file input_32.txt (compact mmCIF, C-alpha atoms)
# COMPACT_ATOMS: atom_id res chain seq x y z
CA MET L 1 0.00 0.00 0.00
CA ASN L 2 1.52 3.28 -1.14
CA LEU L 3 0.39 6.12 1.12
CA LYS L 4 3.01 8.67 0.08
CA ASN L 5 1.44 12.15 -0.02
CA LYS L 6 -2.04 10.61 0.37
CA HIS L 7 -4.53 12.22 2.73
CA ILE L 8 -5.73 9.64 5.24
CA THR L 9 -8.55 10.30 7.72
CA ILE L 10 -8.56 8.20 10.88
CA ILE L 11 -11.86 8.03 12.77
CA GLY L 12 -11.17 7.48 16.46
CA ALA L 13 -8.36 9.02 18.50
CA ARG L 14 -7.66 6.29 21.00
CA LYS L 15 -5.04 3.53 20.99
CA SER L 16 -5.68 2.04 17.55
CA GLY L 17 -6.30 5.44 15.99
CA ILE L 18 -3.00 6.80 17.32
CA GLY L 19 -1.16 3.73 16.03
CA ALA L 20 -2.76 4.09 12.61
CA ALA L 21 -1.95 7.82 12.42
CA LYS L 22 1.72 7.25 13.26
CA LEU L 23 1.95 4.41 10.71
CA VAL L 24 0.44 6.66 8.03
CA LYS L 25 2.86 9.45 8.87
CA ASP L 26 5.89 7.14 8.89
CA SER L 27 4.78 5.80 5.49
CA GLY L 28 4.77 9.24 3.92
CA GLY L 29 1.04 9.84 4.18
CA ILE L 30 -0.77 12.84 5.66
CA PRO L 31 -2.93 11.69 8.58
CA PHE L 32 -5.87 13.55 10.07
CA VAL L 33 -7.50 12.15 13.21
CA SER L 34 -11.12 12.92 14.07
CA ASP L 35 -12.98 11.92 17.23
CA SER L 36 -16.44 12.78 18.55
CA GLY L 37 -15.19 12.70 22.15
CA THR L 38 -14.21 15.74 24.16
CA LYS L 39 -10.65 17.00 24.24
CA GLU L 40 -10.66 16.63 28.02
CA ASN L 41 -11.53 12.92 27.87
CA LEU L 42 -8.99 12.34 25.10
CA ARG L 43 -6.17 14.34 26.68
CA GLU L 44 -3.64 11.48 27.00
CA PHE L 45 -4.14 10.58 23.31
CA ILE L 46 -4.17 14.17 22.08
CA THR L 47 -0.81 14.71 23.78
CA LEU L 48 0.65 11.92 21.62
CA LEU L 49 -0.79 13.42 18.44
CA GLU L 50 0.59 16.85 19.26
CA LYS L 51 4.00 15.34 19.97
CA GLU L 52 3.94 13.78 16.48
CA ASN L 53 2.61 16.98 14.86
CA ILE L 54 -0.42 15.11 13.57
CA SER L 55 -3.54 17.15 12.79
CA TYR L 56 -6.69 16.28 14.71
CA GLU L 57 -10.12 17.43 15.79
CA THR L 58 -12.34 16.53 18.74
CA ASP L 59 -15.95 17.14 19.82
CA GLY L 60 -17.36 15.92 16.52
CA HIS L 61 -16.53 15.32 12.86
CA SER L 62 -16.20 18.24 10.47
CA GLU L 63 -16.40 18.16 6.68
CA ARG L 64 -12.62 17.83 6.64
CA VAL L 65 -12.93 14.10 7.37
CA PHE L 66 -14.19 13.60 3.79
CA GLU L 67 -11.21 15.38 2.23
CA CYS L 68 -9.22 12.16 2.03
CA ASP L 69 -8.01 9.41 -0.27
CA LEU L 70 -8.73 6.74 2.34
CA MET L 71 -10.58 6.50 5.64
CA VAL L 72 -9.40 4.25 8.47
CA ILE L 73 -11.87 3.33 11.20
CA SER L 74 -10.83 2.40 14.74
CA PRO L 75 -12.52 -0.64 16.35
CA GLY L 76 -14.22 1.46 19.03
CA VAL L 77 -16.21 3.37 16.41
CA PRO L 78 -19.64 1.87 15.58
CA SER L 79 -19.88 1.03 11.89
CA ASP L 80 -23.36 2.55 11.67
CA VAL L 81 -22.52 6.06 12.94
CA LYS L 82 -23.39 8.97 10.68
CA VAL L 83 -19.82 9.89 9.71
CA ILE L 84 -19.23 6.36 8.36
CA ALA L 85 -22.60 6.24 6.61
CA ASP L 86 -21.89 9.61 4.99
CA ALA L 87 -18.43 8.46 3.91
CA CYS L 88 -19.97 5.39 2.28
CA LYS L 89 -22.49 7.56 0.44
CA ALA L 90 -19.63 9.79 -0.74
CA GLY L 91 -17.88 6.75 -2.18
CA LYS L 92 -14.92 6.92 0.19
CA LYS L 93 -12.84 3.78 0.60
CA ILE L 94 -13.00 2.70 4.27
CA ILE L 95 -10.77 0.11 5.91
CA SER L 96 -10.18 -1.04 9.49
CA GLU L 97 -6.99 -0.36 11.40
CA ILE L 98 -5.95 -4.03 11.17
CA GLU L 99 -6.36 -3.91 7.38
CA LEU L 100 -4.04 -0.89 7.25
CA ALA L 101 -1.44 -2.50 9.53
CA ASN L 102 -1.54 -5.84 7.74
CA ASN L 103 -0.19 -4.21 4.59
CA TYR L 104 3.06 -3.50 6.43
CA CYS L 105 3.48 -6.79 8.31
CA LYS L 106 6.07 -9.18 6.83
CA GLY L 107 5.58 -11.89 9.44
CA THR L 108 2.97 -14.63 9.88
CA VAL L 109 -0.34 -13.58 11.42
CA ILE L 110 -2.39 -15.79 13.71
CA ALA L 111 -5.75 -14.00 14.00
CA ILE L 112 -7.98 -14.92 16.93
CA THR L 113 -11.63 -13.97 17.30
CA GLY L 114 -14.66 -15.16 19.23
CA THR L 115 -17.17 -13.77 21.69
CA ASN L 116 -15.14 -14.93 24.69
CA GLY L 117 -11.60 -16.07 25.39
CA LYS L 118 -9.84 -13.92 22.77
CA THR L 119 -7.49 -12.15 25.16
CA THR L 120 -6.48 -15.26 27.09
CA THR L 121 -5.95 -17.28 23.89
CA THR L 122 -3.99 -14.49 22.19
CA SER L 123 -1.71 -14.14 25.21
CA LEU L 124 -1.30 -17.90 25.62
CA CYS L 125 -0.50 -18.34 21.93
CA ALA L 126 2.23 -15.67 22.07
CA HIS L 127 3.58 -17.19 25.29
CA VAL L 128 3.84 -20.71 23.82
CA LEU L 129 5.52 -19.51 20.63
CA ASN L 130 7.95 -17.18 22.38
CA LYS L 131 8.93 -19.88 24.87
CA ALA L 132 9.62 -22.20 21.92
CA GLY L 133 12.01 -19.63 20.45
CA ILE L 134 9.76 -18.01 17.81
CA LYS L 135 9.66 -14.25 18.23
CA THR L 136 5.96 -13.44 18.52
CA TYR L 137 4.18 -10.14 19.11
CA SER L 138 0.88 -10.00 20.99
CA ALA L 139 -1.27 -7.26 19.49
CA GLY L 140 -4.64 -6.16 18.19
CA ASN L 141 -7.54 -5.78 20.58
CA ILE L 142 -5.09 -6.48 23.40
CA GLY L 143 -2.22 -4.29 24.58
CA LEU L 144 -0.52 -2.88 21.49
CA ALA L 145 -2.47 -1.92 18.39
CA PHE L 146 -1.47 -3.95 15.32
CA SER L 147 -0.38 -0.74 13.59
CA GLU L 148 2.09 -0.06 16.41
CA VAL L 149 4.10 -3.23 15.74
CA ALA L 150 3.38 -4.21 12.13
CA VAL L 151 6.48 -2.64 10.58
CA GLU L 152 8.74 -4.20 13.22
CA VAL L 153 7.70 -7.79 12.48
CA LYS L 154 10.32 -9.67 10.47
CA LYS L 155 9.58 -12.38 7.94
CA ASP L 156 10.46 -15.24 10.30
CA GLU L 157 8.47 -13.74 13.20
CA MET L 158 4.80 -13.99 14.13
CA VAL L 159 1.91 -11.92 15.44
CA SER L 160 -0.70 -13.35 17.78
CA LEU L 161 -3.52 -10.96 16.91
CA GLU L 162 -6.71 -10.52 18.90
CA VAL L 163 -9.42 -9.42 16.47
CA SER L 164 -12.87 -8.15 17.42
CA SER L 165 -15.91 -8.22 15.17
CA PHE L 166 -15.64 -4.42 14.85
CA GLN L 167 -12.12 -4.77 13.45
CA LEU L 168 -13.36 -7.33 10.92
CA ASP L 169 -16.22 -5.16 9.67
CA PHE L 170 -13.98 -3.18 7.32
CA ILE L 171 -11.33 -5.62 6.16
CA ASP L 172 -10.53 -5.89 2.47
CA LYS L 173 -7.59 -8.19 1.76
CA PHE L 174 -6.71 -9.20 5.34
CA GLN L 175 -5.61 -12.84 5.10
CA PRO L 176 -4.23 -14.42 8.28
CA HIS L 177 -2.30 -17.63 7.69
CA ILE L 178 -3.92 -19.13 10.79
CA ALA L 179 -7.37 -17.98 11.92
CA MET L 180 -9.23 -19.08 15.05
CA ILE L 181 -12.91 -18.66 15.89
CA LEU L 182 -13.19 -19.65 19.54
CA ASN L 183 -16.97 -19.42 19.95
CA ILE L 184 -19.94 -17.26 18.99
CA THR L 185 -22.68 -16.25 21.43
CA PRO L 186 -24.91 -13.14 21.45
CA ASP L 187 -22.95 -9.94 22.18
CA HIS L 188 -22.73 -6.35 20.89
CA LEU L 189 -26.14 -6.77 19.29
CA ASN L 190 -26.73 -3.04 19.80
CA ARG L 191 -23.96 -2.52 17.23
CA TYR L 192 -25.51 -4.93 14.73
CA GLY L 193 -29.10 -3.76 14.48
CA ASN L 194 -30.07 -6.24 17.22
CA LYS L 195 -29.63 -9.01 14.67
CA TYR L 196 -27.59 -11.99 15.87
CA GLU L 197 -26.91 -13.14 12.30
CA ASN L 198 -25.19 -9.83 11.52
CA TYR L 199 -22.84 -10.33 14.46
CA ILE L 200 -22.15 -13.94 13.41
CA ASN L 201 -21.42 -12.92 9.82
CA SER L 202 -18.97 -10.30 11.05
CA LYS L 203 -17.00 -12.95 12.93
CA LEU L 204 -16.96 -15.26 9.92
CA THR L 205 -15.21 -12.70 7.73
CA ILE L 206 -11.95 -13.62 9.49
CA TYR L 207 -11.50 -16.43 6.93
CA LYS L 208 -13.07 -14.86 3.83
CA ASN L 209 -9.70 -14.19 2.16
CA GLN L 210 -8.00 -17.43 3.22
CA ASP L 211 -7.02 -20.01 0.60
CA HIS L 212 -6.04 -23.70 0.62
CA ASN L 213 -2.62 -22.84 2.05
CA ASP L 214 -4.15 -21.33 5.19
CA ILE L 215 -5.51 -22.86 8.39
CA LEU L 216 -8.87 -22.32 10.11
CA ILE L 217 -9.29 -23.49 13.71
CA LEU L 218 -12.90 -23.82 14.89
CA ASN L 219 -14.80 -24.70 18.06
CA LYS L 220 -16.93 -27.69 17.09
CA ASP L 221 -19.05 -27.22 20.23
CA SER L 222 -20.23 -23.74 19.17
CA GLU L 223 -23.57 -24.42 17.52
CA ALA L 224 -24.03 -20.92 16.11
CA LEU L 225 -20.56 -21.07 14.55
CA ILE L 226 -20.87 -24.51 12.97
CA ASN L 227 -24.40 -23.89 11.67
CA SER L 228 -23.38 -20.59 10.06
CA LEU L 229 -20.22 -21.68 8.26
CA SER L 230 -20.02 -21.07 4.54
CA GLU L 231 -17.47 -23.17 2.67
CA PRO L 232 -13.99 -22.09 3.78
CA LYS L 233 -11.18 -22.63 1.29
CA SER L 234 -8.70 -23.12 4.13
CA LYS L 235 -7.91 -26.40 5.87
CA ILE L 236 -10.08 -26.84 8.97
CA TYR L 237 -9.00 -28.12 12.37
CA TYR L 238 -11.58 -28.51 15.13
CA PHE L 239 -11.38 -28.52 18.90
CA SER L 240 -14.05 -29.98 21.16
CA LEU L 241 -14.76 -30.68 24.81
CA LYS L 242 -17.60 -33.03 23.82
CA GLU L 243 -16.48 -35.30 21.00
CA GLU L 244 -13.45 -36.76 19.27
CA VAL L 245 -12.15 -35.13 16.09
CA GLU L 246 -10.02 -36.44 13.22
CA ASN L 247 -7.99 -33.25 12.81
CA GLY L 248 -7.54 -31.06 15.86
CA CYS L 249 -7.95 -31.38 19.61
CA PHE L 250 -10.45 -33.08 21.87
CA TYR L 251 -10.88 -33.79 25.58
CA GLY L 252 -11.25 -37.18 27.22
CA ASP L 253 -10.20 -38.99 30.41
CA ASN L 254 -8.89 -35.71 31.89
CA LYS L 255 -6.50 -35.39 28.96
CA ILE L 256 -6.26 -33.29 25.82
CA TYR L 257 -5.31 -35.01 22.57
CA PHE L 258 -4.15 -33.52 19.27
CA MET L 259 -4.96 -35.63 16.23
CA GLU L 260 -3.75 -35.37 12.64
CA GLY L 261 -5.54 -37.61 10.17
CA GLY L 262 -6.98 -39.62 13.07
CA LYS L 263 -3.54 -40.31 14.56
CA GLU L 264 -2.48 -39.02 17.97
CA GLN L 265 0.38 -36.49 17.72
CA PHE L 266 0.25 -34.86 21.17
CA LYS L 267 -1.25 -35.59 24.57
CA CYS L 268 -1.24 -33.75 27.89
CA SER L 269 -3.05 -34.02 31.20
CA LEU L 270 -5.27 -31.22 32.49
CA LYS L 271 -2.75 -31.03 35.34
CA ASP L 272 -0.16 -29.89 32.78
CA ILE L 273 -2.22 -26.75 32.07
CA ASN L 274 -1.87 -23.95 34.60
CA LEU L 275 -5.12 -22.26 33.58
CA LYS L 276 -8.21 -23.96 34.99
CA GLY L 277 -11.82 -24.16 33.89
CA GLU L 278 -13.52 -25.71 30.85
CA HIS L 279 -13.35 -22.47 28.86
CA ASN L 280 -9.58 -22.29 29.38
CA TYR L 281 -9.12 -25.90 28.33
CA ALA L 282 -10.93 -25.00 25.10
CA ASN L 283 -8.66 -21.97 24.65
CA ALA L 284 -5.61 -24.16 25.25
CA MET L 285 -6.76 -26.64 22.63
CA ALA L 286 -6.96 -23.91 20.00
CA VAL L 287 -3.39 -22.88 20.85
CA ILE L 288 -2.14 -26.48 20.83
CA ILE L 289 -3.50 -26.92 17.31
CA ALA L 290 -1.70 -23.79 16.11
CA ALA L 291 1.52 -24.83 17.85
CA LYS L 292 1.48 -28.30 16.28
CA ILE L 293 0.71 -26.91 12.82
CA ILE L 294 3.71 -24.60 13.17
CA GLY L 295 5.78 -27.62 14.18
CA LEU L 296 6.61 -27.01 17.84
CA ASP L 297 8.12 -29.75 19.98
CA ASN L 298 5.63 -31.48 22.30
CA LYS L 299 7.70 -30.89 25.43
CA LYS L 300 8.01 -27.16 24.69
CA ILE L 301 4.26 -26.88 24.24
CA LYS L 302 3.59 -28.70 27.50
CA ASP L 303 6.15 -26.62 29.43
CA ALA L 304 4.61 -23.37 28.17
CA LEU L 305 1.08 -24.48 29.04
CA GLY L 306 2.30 -25.26 32.53
CA ASP L 307 3.74 -21.88 33.41
CA PHE L 308 1.33 -19.45 31.73
CA GLN L 309 -0.07 -17.16 34.40
CA GLY L 310 -3.16 -15.85 32.64
CA VAL L 311 -4.10 -12.25 31.83
CA GLU L 312 -5.09 -9.25 33.89
CA HIS L 313 -8.84 -8.70 34.43
CA ARG L 314 -9.79 -12.21 33.32
CA LEU L 315 -10.56 -14.37 36.38
CA GLU L 316 -7.51 -12.73 37.98
CA PHE L 317 -6.80 -13.68 41.58
CA VAL L 318 -6.28 -10.46 43.55
CA ARG L 319 -5.79 -11.56 47.14
CA GLU L 320 -7.06 -13.77 49.95
CA LEU L 321 -8.11 -12.04 53.17
CA GLU L 322 -9.36 -13.98 56.21
CA GLY L 323 -10.13 -16.96 53.99
CA VAL L 324 -12.08 -14.93 51.41
CA LYS L 325 -10.74 -14.93 47.83
CA TYR L 326 -11.18 -11.80 45.67
CA ILE L 327 -11.34 -12.35 41.91
CA ASN L 328 -11.18 -9.66 39.21
CA ASP L 329 -13.08 -10.65 36.06
CA SER L 330 -13.71 -7.12 34.81
CA LYS L 331 -13.25 -8.26 31.20
CA ALA L 332 -16.49 -10.24 31.50
CA THR L 333 -18.59 -7.77 29.52
CA ASN L 334 -21.30 -10.20 28.46
CA ILE L 335 -23.52 -12.89 29.96
CA ASP L 336 -21.60 -15.79 28.43
CA SER L 337 -18.41 -14.69 30.19
CA VAL L 338 -20.21 -14.58 33.54
CA TRP L 339 -21.61 -18.05 32.88
CA TYR L 340 -18.06 -19.38 32.49
CA ALA L 341 -16.88 -17.45 35.54
CA LEU L 342 -19.61 -18.85 37.80
CA ARG L 343 -18.89 -22.37 36.59
CA SER L 344 -15.22 -21.93 37.48
CA PHE L 345 -15.80 -21.88 41.24
CA ASP L 346 -17.30 -24.35 43.69
CA ASP L 347 -17.28 -22.05 46.74
CA PRO L 348 -20.15 -19.61 47.50
CA ILE L 349 -19.94 -16.33 45.59
CA PHE L 350 -20.65 -12.68 46.34
CA LEU L 351 -21.12 -11.30 42.83
CA ILE L 352 -20.57 -7.70 41.69
CA LEU L 353 -22.69 -7.31 38.59
CA GLY L 354 -23.66 -4.39 36.36
CA GLY L 355 -22.58 -1.50 34.18
CA GLN L 356 -23.70 -0.47 30.72
CA ASP L 357 -26.10 -3.18 29.60
CA LYS L 358 -25.84 -4.44 26.01
CA GLY L 359 -29.20 -6.18 25.89
CA ASN L 360 -28.40 -8.90 28.45
CA ASN L 361 -30.71 -11.88 28.93
CA TYR L 362 -30.08 -12.99 32.51
CA ASP L 363 -32.02 -16.23 31.98
CA GLN L 364 -28.71 -17.74 30.84
CA ILE L 365 -27.16 -17.48 34.31
CA LYS L 366 -30.28 -17.76 36.47
CA GLU L 367 -29.71 -21.39 37.47
CA LEU L 368 -26.02 -20.80 38.24
CA VAL L 369 -26.87 -17.76 40.35
CA VAL L 370 -29.45 -19.76 42.33
CA ASN L 371 -26.95 -22.57 42.97
CA LYS L 372 -23.75 -20.59 43.54
CA VAL L 373 -24.36 -16.95 44.47
CA LYS L 374 -25.05 -15.82 48.04
CA LYS L 375 -25.63 -12.19 47.13
CA ILE L 376 -25.42 -9.77 44.22
CA TYR L 377 -24.16 -6.20 44.45
CA ALA L 378 -25.65 -4.33 41.48
CA ILE L 379 -23.75 -1.33 40.13
CA GLY L 380 -23.98 1.09 37.22
CA VAL L 381 -26.87 2.11 35.00
CA SER L 382 -28.13 -1.48 34.78
CA ALA L 383 -28.46 -1.82 38.56
CA ASP L 384 -32.26 -1.48 38.56
CA LYS L 385 -32.63 -4.07 35.78
CA ILE L 386 -30.43 -6.49 37.72
CA PHE L 387 -32.33 -5.87 40.96
CA ASN L 388 -35.71 -6.36 39.28
CA TYR L 389 -34.61 -9.61 37.68
CA PHE L 390 -32.77 -11.26 40.59
CA HIS L 391 -34.18 -9.92 43.88
CA LYS L 392 -36.82 -12.66 44.19
CA ILE L 393 -34.29 -15.49 43.86
CA VAL L 394 -31.19 -14.13 45.62
CA LYS L 395 -30.30 -11.21 47.88
CA VAL L 396 -29.52 -8.08 45.83
CA GLU L 397 -28.25 -4.68 46.93
CA ILE L 398 -27.70 -1.66 44.70
CA LYS L 399 -24.38 0.12 45.28
CA SER L 400 -23.40 3.48 43.83
CA THR L 401 -19.64 2.84 43.64
CA MET L 402 -17.22 -0.06 43.27
CA GLU L 403 -15.71 0.82 46.64
CA GLU L 404 -19.12 0.47 48.32
CA ALA L 405 -19.68 -2.91 46.70
CA VAL L 406 -16.27 -4.21 47.77
CA GLY L 407 -16.69 -2.84 51.29
CA SER L 408 -20.08 -4.49 51.75
CA ALA L 409 -18.81 -7.80 50.37
CA ASN L 410 -15.88 -7.65 52.77
CA LYS L 411 -18.25 -7.26 55.74
CA GLU L 412 -20.55 -10.09 54.69
CA ALA L 413 -18.27 -12.72 53.15
CA ARG L 414 -16.89 -15.47 55.37
CA GLU L 415 -14.04 -17.98 55.13
CA ASN L 416 -14.12 -20.02 51.88
CA ASP L 417 -16.40 -17.48 50.17
CA ILE L 418 -15.46 -15.74 46.91
CA VAL L 419 -15.98 -12.08 46.03
CA LEU L 420 -16.21 -11.97 42.25
CA LEU L 421 -16.32 -8.92 40.00
CA SER L 422 -17.85 -10.29 36.79
CA PRO L 423 -20.07 -7.47 35.52
CA ALA L 424 -21.71 -8.87 32.33
CA CYS L 425 -21.77 -5.28 31.08
CA ALA L 426 -19.62 -2.67 29.42
CA SER L 427 -17.87 -0.21 31.73
CA PHE L 428 -18.43 3.14 30.05
CA ASP L 429 -21.15 4.36 32.42
CA MET L 430 -18.69 4.54 35.36
CA PHE L 431 -15.20 3.97 33.94
CA LYS L 432 -13.09 4.72 30.86
CA ASN L 433 -12.81 1.01 30.06
CA TYR L 434 -12.89 -2.43 31.65
CA GLU L 435 -9.20 -2.06 32.60
CA GLU L 436 -9.92 0.97 34.78
CA ARG L 437 -12.89 -0.85 36.32
CA GLY L 438 -10.65 -3.80 37.19
CA ARG L 439 -7.95 -1.54 38.62
CA VAL L 440 -10.48 0.28 40.82
CA PHE L 441 -11.76 -3.08 42.07
CA LYS L 442 -8.23 -4.25 42.86
CA GLN L 443 -7.34 -0.99 44.59
CA ALA L 444 -10.46 -1.28 46.75
CA VAL L 445 -9.65 -4.89 47.60
CA ASN L 446 -6.02 -4.14 48.45
CA LYS L 447 -7.08 -1.32 50.80
CA LEU L 448 -9.19 -3.69 52.92

call {"tool": "encode", "arguments": {"input": "input_32.txt", "output": "structure tokens"}}
result
Amino acid sequence: MNLKNKHITIIGARKSGIGAAKLVKDSGGIPFVSDSGTKENLREFITLLEKENISYETDGHSERVFECDLMVISPGVPSDVKVIADACKAGKKIISEIELANNYCKGTVIAITGTNGKTTTTSLCAHVLNKAGIKTYSAGNIGLAFSEVAVEVKKDEMVSLEVSSFQLDFIDKFQPHIAMILNITPDHLNRYGNKYENYINSKLTIYKNQDHNDILILNKDSEALINSLSEPKSKIYYFSLKEEVENGCFYGDNKIYFMEGGKEQFKCSLKDINLKGEHNYANAMAVIIAAKIIGLDNKKIKDALGDFQGVEHRLEFVRELEGVKYINDSKATNIDSVWYALRSFDDPIFLILGGQDKGNNYDQIKELVVNKVKKIYAIGVSADKIFNYFHKIVKVEIKSTMEEAVGSANKEARENDIVLLSPACASFDMFKNYEERGRVFKQAVNKL
């Protein structure tokens, strides 16, 4: 992609937008960043733009955004907002930030999507490959934006790339050599016209440009995924917790097996995997498949699975105080994530739930709440909805701050209880992002 002297508009001035703007500038293009947010809320990002002498605007999108040869959209920007719709009507070419970055990446891309488990799987994949001696960057919807690292990646190196549905909405030629779809359950429906099929189709675009030389790794247990597949050109490997597979990974007798053409090529015990819980065993299977396809030694794979410590804000152990364990699962921004979280513990739970609701159906966790949760502390703008749904089946209190919720849980929880932040909602009503929400929870816990 030749951007020299081309005018490139980037919609969205946060992490991915900043990375895209710097990449455009370094490639000889002329970037202009536009964001509807206030300058005050974007101060840390605006400082970076000013340091790079990159033009920008805040508090809305002016007509200048259309004076471009190409428009790049950040993943946090809804694809149906007016500025994007107007750009489409004006015939402007629009691509996602990962599409832009991919043009400059010389290494091999492993793209990972799914409703849940993306961050853990992306981190685990990078950990396994790095430990085996293959330089691998972890990027995308996790940590560094793809555009921040793309030009640094050498031909014999790899990128473990977390990809959200929003990032896939505006791809063009993006063709990962290995693509994973971990699962698909309802989420972000407010961004897809409340149509589940639109969300599913967005996820499936991860393999649309793959050919017979590429690999597609799929969760055979995800009904919505399997029922919605078109005919991929890439070679398919499955993973399953429920049934054996000819090519891929399956679970049986407390072991995970990797099969190639029906023949066992790798085996490990669940005890060999440091991460616990069914969802993490599924994530590990996806990574094992990728590692075996790449040709990693069995012992190196097993060693890496055994010392991976997990990721921040995903079922993260914070501390134990007077026999009570405090767990930060702030990244659980949908019902499915909370379902997995509740299934991960056998001890009684005090659950902090709530935030910016995305159309949650709490029927999915009702039975688990009845069987496992002692009390719910409802926070955020969805607190009333949570109270109205749950108060007849479990004790529920509405709390105005995270600190209040943690303090009340601390007073009521007893030895062998668990205090779990697993909100099932976005964070933007009270916090900048789920990371800040998790940090505030941990700060409150550590002050007890």

call {"tool": "residues_around", "arguments": {"input": "input_32.txt", "residues": "L:Lys6", "least_positions_apart": "2", "cutoff": "8 Å", "atoms": "all atoms listed in the file", "output": "MDAnalysis selection string"}}
result
chainID L and resid 3:4 8 28:30 68:70

call {"tool": "write_last_selection", "arguments": {"input": "input_32.txt", "atoms": "C-alpha atoms", "output": "mmCIF file, in the frame of the given file"}}
result
data_model
loop_
_atom_site.group_PDB
_atom_site.id
_atom_site.type_symbol
_atom_site.label_atom_id
_atom_site.label_comp_id
_atom_site.auth_asym_id
_atom_site.auth_seq_id
_atom_site.Cartn_x
_atom_site.Cartn_y
_atom_site.Cartn_z
ATOM 1 C CA LEU L 3 0.390 6.120 1.120
ATOM 2 C CA LYS L 4 3.010 8.670 0.080
ATOM 3 C CA ILE L 8 -5.730 9.640 5.240
ATOM 4 C CA GLY L 28 4.770 9.240 3.920
ATOM 5 C CA GLY L 29 1.040 9.840 4.180
ATOM 6 C CA ILE L 30 -0.770 12.840 5.660
ATOM 7 C CA CYS L 68 -9.220 12.160 2.030
ATOM 8 C CA ASP L 69 -8.010 9.410 -0.270
ATOM 9 C CA LEU L 70 -8.730 6.740 2.340
#

call {"tool": "atom_distance", "arguments": {"input": "input_32.txt", "atom1": "atom CA of L:Leu225", "atom2": "atom CA of L:Leu100"}}
result
27.1 Å

call {"tool": "atom_distance", "arguments": {"input": "input_32.txt", "atom1": "atom CA of L:Val287", "atom2": "atom CA of L:Met180"}}
result
9.1 Å

call {"tool": "residues_around", "arguments": {"input": "input_32.txt", "residues": "L:His212", "least_positions_apart": "6", "cutoff": "8 Å", "atoms": "only C-alpha atoms", "output": "compact mmCIF listing (two decimals) with C-alpha atoms, in the frame of the given file"}}
result
# COMPACT_ATOMS: atom_id res chain seq x y z
CA LYS L 233 -11.18 -22.63 1.29
CA SER L 234 -8.70 -23.12 4.13
CA LYS L 235 -7.91 -26.40 5.87

call {"tool": "residues_around", "arguments": {"input": "input_32.txt", "residues": "L:Leu144", "least_positions_apart": "5", "cutoff": "9 Å", "atoms": "all atoms listed in the file", "output": "ChimeraX atom specification"}}
result
/L:15-16,19,137-139,149

call {"tool": "residues_around", "arguments": {"input": "input_32.txt", "residues": "stretch 238-245 of chain L", "least_positions_apart": "5", "cutoff": "8 Å", "atoms": "only C-alpha atoms", "output": "NGL selection string"}}
result
:L and (217-221 or 250-252 or 259 or 262 or 278 or 282 or 285-286)

call {"tool": "residues_around", "arguments": {"input": "input_32.txt", "residues": "L:Asp59", "least_positions_apart": "6", "cutoff": "6 Å", "atoms": "only C-alpha atoms", "output": "ChimeraX atom specification"}}
result
/L:36-38

call {"tool": "atom_distance", "arguments": {"input": "input_32.txt", "atom1": "atom CA of L:Asn328", "atom2": "atom CA of L:Ser400"}}
result
18.5 Å

call {"tool": "closest_residue", "arguments": {"input": "input_32.txt", "among": "L:His279, L:Lys82, L:Lys325, L:His7", "to": "L:Trp339", "atoms": "all atoms listed in the file"}}
result
L:His279

call {"tool": "closest_residue", "arguments": {"input": "input_32.txt", "among": "L:Phe170, L:Phe266, L:Tyr377, L:Phe146", "to": "L:Val406", "atoms": "all atoms listed in the file"}}
result
L:Tyr377

call {"tool": "axis_aligned_box", "arguments": {"input": "input_32.txt", "around": "stretch 365-376 of chain L", "padding_each_side": "8 Å", "output": "AutoDock Vina command-line options"}}
result
--center_x -27.0 --center_y -16.2 --center_z 41.2 --size_x 22.5 --size_y 28.8 --size_z 29.7

call {"tool": "closest_atom_pairs", "arguments": {"input": "input_32.txt", "of": "stretch 297-351 of chain L", "to": "stretch 412-418 of chain L", "cutoff": "12 Å", "atoms": "only C-alpha atoms", "output": "CSV"}}
result
residue,atom,partner,partner_atom,distance
L:Leu315,CA,L:Ile418,CA,11.7
L:Phe317,CA,L:Ile418,CA,10.4
L:Val318,CA,L:Ile418,CA,11.1
L:Arg319,CA,L:Ile418,CA,10.5
L:Glu320,CA,L:Ile418,CA,9.1
L:Leu321,CA,L:Glu415,CA,8.6
L:Glu322,CA,L:Glu415,CA,6.3
L:Gly323,CA,L:Glu415,CA,4.2
L:Val324,CA,L:Asp417,CA,5.2
L:Lys325,CA,L:Ile418,CA,4.9
L:Tyr326,CA,L:Ile418,CA,5.9
L:Ile327,CA,L:Ile418,CA,7.3
L:Asn328,CA,L:Ile418,CA,10.7
L:Ala341,CA,L:Ile418,CA,11.6
L:Leu342,CA,L:Ile418,CA,10.5
L:Ser344,CA,L:Ile418,CA,11.3
L:Phe345,CA,L:Ile418,CA,8.4
L:Asp346,CA,L:Ile418,CA,9.4
L:Asp347,CA,L:Asp417,CA,5.8
L:Pro348,CA,L:Asp417,CA,5.1
L:Ile349,CA,L:Ile418,CA,4.7
L:Phe350,CA,L:Ile418,CA,6.1
L:Leu351,CA,L:Ile418,CA,8.3

call {"tool": "closest_residue", "arguments": {"input": "input_32.txt", "among": "L:Lys374, L:Lys208, L:Lys173, L:Lys276", "to": "L:Ile95", "atoms": "all atoms listed in the file"}}
result
L:Lys173
